[in-house]
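A.B. asks: Structure below; questions to follow.
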Amino acid sequence: MASELLKGFRMLDLTDEKGAMCGKIFADLGAEVIKVEPPGGCSTRRIPPFLEDEVGPDRGLYFIAYQAGKKSVTANLDSGDGRAMVAELAKKCDFLVESFQLGYLDSIGLGYDALAELNPRLVYTSITPFGDKGPGKDYKWADIITWAAGGMMYLMGEEGKPPLEMALPQAGLHAGAEAAVSSLIAHYPRQSDGLGQRVVVNMQACIVWTLMNEQAMPILHGDHLRRSGVYVGSLGIRRKMVFRCKDGYISSVIGPGPTTKNLMDWVIEGGFGADWMKTKDWSSWTPGLFMKPTEDDLAHITDMEDRIEKFFLTMSKEEIYAQTLKRRLLLAPVATEADIARDVQLKARGYFVRVDHTDTVGRTLTMPGPFAKLSETPIEVNRRAPRLGEHNLEIYGELLGRSAEQIAELRAVGAI
Amino acid sequence: MSRYAFEGVHVLDFAWVGVGPISTKYLADNGADVIRVESVSRLDVLRIAPPWKDGQPGPNNSQFFASYNTSKKGITLDLGKPKARELILKLIPWADIVSESFTPKAMRNWGLDYEHLRKIKSDLIMFSTCMQGQTGPNAMYPGFGQLMAALCGFYYISGYGEGQPPAAPYGAYSDFIAPRFLTCALIAALDYKRRSGKGQYIDMSQYEAALHNLAPALIDYFATGKSLGPRGNASMRYAPHGAYRCADEGPEERWIAIAVGSDAEWQSMLTALGADTSDERFATALSRIENREPLDKFIGGLTRSQSAHDLTVRLQAAGVAAYPVQNCMDLHQDENLAAFDFWHWLEHKHMGPSSYEGLQHRLSRTPGELRSAAPVLGQHNEEVFRGMLGLTTEEIEQLTKENVIF
């Protein structure tokens, strides 16, 4: 059972790793998402790691995660007949999302202009690494280079060592989600005037948007942040953000406000407070990154950070986390998958869902569930990712009216 | 035909900090009439956070606040005062959407929760976004997106390797994942209302949204107990893959990110670098992946004397994925962002001209835009209290004296 929210709307998904998240969001919202794959399978089927380290077209964890909820048809875009099938599908779809090199779909007659003529309602969304106009518009892509181009890589890592990406590449996920939002923005006016439009998503811009308040710092403060490991820093001052504890790490925000006093009270209570900490007026303490700290300030900050860490080293992540609500502290454990799987809040809200994957990997899998709770039209996460061409008969047959023989013929000539 | 996608959509916006305002900003930049309800007694924390114009702190001087609140109007009302809440209730019939991002119970305590408001407007759409959702034992968890990023596991998968401390992303990373999910649900709900006449309540936990960016690791853990953990820039698919140091530019270190996915690209890369190697360890894709450390050393030796920018151009011309690792000053000069018209200088009532991040996408027929700079505190009080609610000058003066309009 799918969500009622986008029920009745249909999306044609021609994305790879640059945009799979778009169709995933649409599927969660109840749209029928038809993934078009080459007869050899979408490249995202080959992204490692694989479930239980066993390679297979349905066993890639990226594929399982981000192609869930979608249907799969095959179409050979090198074949005239294959392209014709995709054009026919596009006529019956409300949305099309793609992430090919700029100009490729145009060159095979499946560009926006061609398809809009067949289907003026179509919202056609193209995901690009660097936009469609600049010197990088045809650039070869890998997730890490947009992470670097967008500015977040520079900020991750330690001074003197290489800058970093995360162990799970993120840029394509941001762009895919932005494609979902912008497709829906285009959808809204179309509902009243019947006209679709072309949408272009810029992945690099999506990464720039993760930088929070960094972007204007050089312009307004003449300086920018540098990667500093467990600190956040720029010239002049750095602040420790991540502290060791008994069984891992704790992330903290120690800034102006009552939560800082609460933290200091706790540290003092625990026997790790210095005298100066007991008398300080914490409610007026604002050691921001761009304040000009005195020598005393710097000495105090270092002392305070040392003492907090020594205190945290006597406790586990779970113990410390349990105090955050009680004492109103701005702290969080650096959670591992195990911590997240055990989390009481996610359990109470029934967040993780069990989805039957018997036909693909021979078992049920637990996955992240609805990304929001809607009161009238709940999001449903209950369909696994499709097998290759699993819905050829259903889509080419029922939706496009082809007989079983015709579909077999299309397969025989290599169109699908 | 409307110029903007959301022309005629009305949003009464109580949301503050990051996720809520970024979500309503999508609507505002696309023509929705969004009124932010703020209070001097309870300032949006972004108004008192840097960066500030001329380095001067001040509630109307923060680019942090300004960047997330373009195209919106702003009024001041102290919701702690009953008269303020009366005025809010008078605005509800105007609102298609009400948004908020306080800790759960705030709106309830003020009688401004969904159950109350839907009695005034039965097809209202309302969203609440907070760290961990409206229900559950940790619903009242105090926090910001930076902490959520740690809770979601993003810190855990950022670092040089197992046993190394986290080298986390800067800032409230999950605050830039959640808004897209929220805005998708919101627009779909808006459209659903138009088709069905029914509004609804959206309870968004930033935790539940942001975890989707870690889904493969979570699925694997549940199924097999395996943990992803930090692994530097190592890839199971590409080698070389990572950041390589290039020639310094003055005091600035320069690095280039490179990813090579095939033997053909590997050969092209060597040619572009004017290098060659007969090292067995680098002969095939698999052997390159297995010998990552010596490979990275080898490549690093070749790139160290090169300009990151020039090397990017040469490598890309040879069909190899590469781009400089950019700091945020570079971003303001990036040719691709410029060609996409990404940076905008807007005239802010107090700050004067300042630099804003633009849109991450472009629509061909009904493009959104940064229609105006963020509002100063109470910038639209006159327009809303007199123009929309019909209050007289005397009434407005009295309410101001009583710190209701405050």
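Letters A, B, ... go to the chains of the structure tokens in the order shown; residues in each chain start at 1; ligands are counted from 1 in the same order.
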Fewer than 2 positions away in the same chain doesn't count, so skip those; otherwise give me all residues within 8 Å of Glu159 (chain A), counting only C-alpha atoms, as a VMD selection string.

C.D. replies: chain A and resid 157 161 to 162 226 to 229

A.B. asks: Taking only C-alpha atoms into account, what are the residues of chain B at most 6 Å from chain A, put as a PyMOL selection string?

C.D. replies: chain B and resi 5+51+53-55+64+136-138+141+143+147+150-151+153+157-158+167-169+176+184+200-204+208-209+215-216+218-219+230-231+257+321-323+325-328+336+339+360-365

A.B. asks: Kindly indicate which residue among B:Glu253, B:Pro165, B:Ile405, B:Ile22 lies nearest to Phe181 (chain B), using only C-alpha atoms for the distances.

C.D. replies: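 So, comparing all the options, the nearest one is B:Ile22.
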
A.B. asks: Excluding Glu357 (chain B) and residues on its chain fewer than 3 positions from it, collect all residues at most 7 Å away from it, counting only C-alpha atoms, and give them as a ChimeraX atom specification.

C.D. replies: /B:67,342-344

A.B. asks: Find the spatial neighbours of region 113-127 of chain B, counting only C-alpha atoms, within a cut-off of 8 Å - ignore same-chain residues fewer than 4 positions away - and output them as number ranges by chain.

C.D. replies: B: 89, 92-93, 95-100, 107-108, 186, 189-190, 193, 197-204

A.B. asks: Hey, what does DSSP flag as strand (DSSP E or B) within region 218-377 of chain A? Can you give it to me as a PyMOL selection string?

C.D. replies: chain A and resi 226-228+231-234+237-240+242-245+248-252+331-333+353-357+363-367+373-374

A.B. asks: I need the chosen residues saved as a PDB file, in the first residue's frame, with C-alpha atoms.

C.D. replies:
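Result file is result_20.pdb:
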```pdb
ATOM      1  CA  ARG A 226      40.085  25.655   8.240  1.00  0.00           C
ATOM      2  CA  ARG A 227      39.882  21.961   8.962  1.00  0.00           C
ATOM      3  CA  SER A 228      40.921  21.367  12.531  1.00  0.00           C
ATOM      4  CA  TYR A 231      38.153  21.588  16.747  1.00  0.00           C
ATOM      5  CA  VAL A 232      36.444  24.267  14.722  1.00  0.00           C
ATOM      6  CA  GLY A 233      38.897  26.942  13.930  1.00  0.00           C
ATOM      7  CA  SER A 234      40.223  29.813  11.994  1.00  0.00           C
ATOM      8  CA  ILE A 237      40.924  30.923  17.995  1.00  0.00           C
ATOM      9  CA  ARG A 238      39.777  27.364  17.871  1.00  0.00           C
ATOM     10  CA  ARG A 239      37.132  25.608  19.898  1.00  0.00           C
ATOM     11  CA  LYS A 240      36.937  21.933  20.718  1.00  0.00           C
ATOM     12  CA  VAL A 242      34.398  16.641  19.900  1.00  0.00           C
ATOM     13  CA  PHE A 243      35.509  15.154  23.211  1.00  0.00           C
ATOM     14  CA  ARG A 244      36.637  11.646  24.063  1.00  0.00           C
ATOM     15  CA  CYS A 245      34.560   9.687  26.523  1.00  0.00           C
ATOM     16  CA  GLY A 248      33.817   6.767  22.134  1.00  0.00           C
ATOM     17  CA  TYR A 249      33.255  10.447  21.474  1.00  0.00           C
ATOM     18  CA  ILE A 250      30.837  13.207  22.373  1.00  0.00           C
ATOM     19  CA  SER A 251      29.947  16.210  20.210  1.00  0.00           C
ATOM     20  CA  SER A 252      29.199  19.455  22.037  1.00  0.00           C
ATOM     21  CA  LEU A 331      25.650  17.339  23.794  1.00  0.00           C
ATOM     22  CA  ALA A 332      25.301  14.336  21.530  1.00  0.00           C
ATOM     23  CA  PRO A 333      27.120  11.035  21.329  1.00  0.00           C
ATOM     24  CA  VAL A 353      10.645  -0.701   8.975  1.00  0.00           C
ATOM     25  CA  ARG A 354      10.952  -4.317   7.889  1.00  0.00           C
ATOM     26  CA  VAL A 355      10.652  -4.799   4.127  1.00  0.00           C
ATOM     27  CA  ASP A 356      10.318  -8.156   2.412  1.00  0.00           C
ATOM     28  CA  HIS A 357      13.283  -8.865   0.132  1.00  0.00           C
ATOM     29  CA  ARG A 363      15.318 -12.385   3.479  1.00  0.00           C
ATOM     30  CA  THR A 364      13.606  -9.422   5.091  1.00  0.00           C
ATOM     31  CA  LEU A 365      15.665  -6.259   5.570  1.00  0.00           C
ATOM     32  CA  THR A 366      15.312  -3.436   8.098  1.00  0.00           C
ATOM     33  CA  MET A 367      15.478   0.040   6.584  1.00  0.00           C
ATOM     34  CA  LYS A 373       4.803  11.730   9.806  1.00  0.00           C
ATOM     35  CA  LEU A 374       1.787  13.072   7.932  1.00  0.00           C
TER      36      LEU A 374
END
```

A.B. asks: Mind checking which residues fall within 8 Å of Val19 (chain B), counting only C-alpha atoms, ignoring those fewer than 3 positions away in the same chain, and posting them as a list in words?

C.D. replies: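 Once the adjacent positions are removed, what remains is Trp16, Ile22, Ser23, Ser101, Thr129, Asp175, Phe176, Ala178 and Pro179 of chain B.
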
A.B. asks: Report as a PyMOL selection string: the residues of region 215-331 of chain A with a DSSP assignment of helix (DSSP H, G or I), based on the backbone of this structure.

C.D. replies: chain A and resi 217-221+258-269+275-279+282-284+295-312+317-327

A.B. asks: For C-alpha atoms, I'd like the residues from the last selection saved as a compact mmCIF listing (two decimals), in the first residue's frame.

C.D. replies:
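Below you can see part00.txt, which holds the result:
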```
# COMPACT_ATOMS: atom_id res chain seq x y z
CA MET A 217 32.72 34.77 6.51
CA PRO A 218 35.56 35.77 4.21
CA ILE A 219 33.53 38.67 2.88
CA LEU A 220 32.33 39.98 6.24
CA HIS A 221 35.15 38.91 8.56
CA PRO A 258 21.91 28.45 29.96
CA THR A 259 23.03 25.08 28.58
CA THR A 260 26.67 26.08 29.05
CA LYS A 261 26.08 26.91 32.70
CA ASN A 262 24.29 23.57 33.07
CA LEU A 263 27.32 21.80 31.62
CA MET A 264 29.74 23.64 33.89
CA ASP A 265 27.58 22.89 36.94
CA TRP A 266 27.73 19.21 36.03
CA VAL A 267 31.49 19.25 35.50
CA ILE A 268 31.93 20.99 38.86
CA GLU A 269 29.52 18.56 40.52
CA ASP A 275 37.87 27.52 40.86
CA TRP A 276 37.58 30.07 38.08
CA MET A 277 34.81 27.96 36.55
CA LYS A 278 32.81 28.10 39.79
CA THR A 279 32.77 31.88 39.96
CA TRP A 282 28.56 31.74 32.24
CA SER A 283 25.37 33.42 31.08
CA SER A 284 27.34 36.30 29.59
CA GLU A 295 45.33 35.58 26.75
CA ASP A 296 43.19 34.80 29.77
CA ASP A 297 40.27 33.77 27.57
CA LEU A 298 42.47 31.37 25.62
CA ALA A 299 43.97 29.87 28.77
CA HIS A 300 40.52 29.42 30.25
CA ILE A 301 39.15 27.83 27.11
CA THR A 302 41.97 25.30 27.00
CA ASP A 303 41.60 24.53 30.71
CA MET A 304 37.85 24.16 30.41
CA GLU A 305 38.12 21.84 27.41
CA ASP A 306 40.72 19.69 29.17
CA ARG A 307 38.56 19.34 32.25
CA ILE A 308 35.42 18.52 30.28
CA GLU A 309 37.24 15.77 28.45
CA LYS A 310 38.70 14.30 31.64
CA PHE A 311 35.18 14.28 33.11
CA PHE A 312 33.66 12.67 30.01
CA LYS A 317 28.18 7.72 25.56
CA GLU A 318 24.93 6.34 26.88
CA GLU A 319 25.45 7.75 30.37
CA ILE A 320 26.31 11.18 29.00
CA TYR A 321 23.41 11.16 26.51
CA ALA A 322 21.01 10.30 29.31
CA GLN A 323 22.02 13.50 31.11
CA THR A 324 21.30 15.82 28.18
CA LEU A 325 17.54 15.83 28.67
CA LYS A 326 17.72 15.79 32.46
CA ARG A 327 20.13 18.70 32.73
```

A.B. asks: Using only C-alpha atoms, which protein or nucleic acid residues come within 8 Å of region 388-393 of chain A? Drop anything in the same chain fewer than 6 positions from it, and give the result as a VMD selection string.

C.D. replies: chain A and resid 37 39 41 57 71 to 74 404 407

A.B. asks: What is the CA of Lys226 (chain B)-CA of Tyr155 (chain B) distance in Å, reported with one decimal?

C.D. replies: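 The value is 17.2 Å.
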
A.B. asks: Provide the CA of Phe9 (chain A) to CA of Ala84 (chain A) distance in Å, to one decimal place.

C.D. replies: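 Atom-to-atom, CA of Phe9 (chain A) to CA of Ala84 (chain A), that is 21.5 Å.
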
A.B. asks: So how many Å separate CA of Ser128 (chain B) and CA of Leu112 (chain B), to one decimal?

C.D. replies: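 CA of Leu112 (chain B) lies at a distance of 11.5 Å from CA of Ser128 (chain B).
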
A.B. asks: For Arg254 (chain B), work out the shell of residues within 7 Å, counting only C-alpha atoms and skipping chain neighbours fewer than 3 positions away, then give it as a list in words.

C.D. replies: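 That gives Arg245, Cys246, Ala247, Asp248, Glu249 and Ala308 of chain B.
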
A.B. asks: Kindly save the residues from that selection, with C-alpha atoms included, as a PDB file, in the first residue's frame.

C.D. replies:
```
ATOM      1  CA  ARG B 245      48.384  18.167  -2.617  1.00  0.00           C
ATOM      2  CA  CYS B 246      49.225  20.631  -5.357  1.00  0.00           C
ATOM      3  CA  ALA B 247      51.423  23.715  -5.481  1.00  0.00           C
ATOM      4  CA  ASP B 248      50.830  26.222  -2.685  1.00  0.00           C
ATOM      5  CA  GLU B 249      49.295  29.550  -3.577  1.00  0.00           C
ATOM      6  CA  ALA B 308      45.297  22.637  -8.823  1.00  0.00           C
TER       7      ALA B 308
END
```
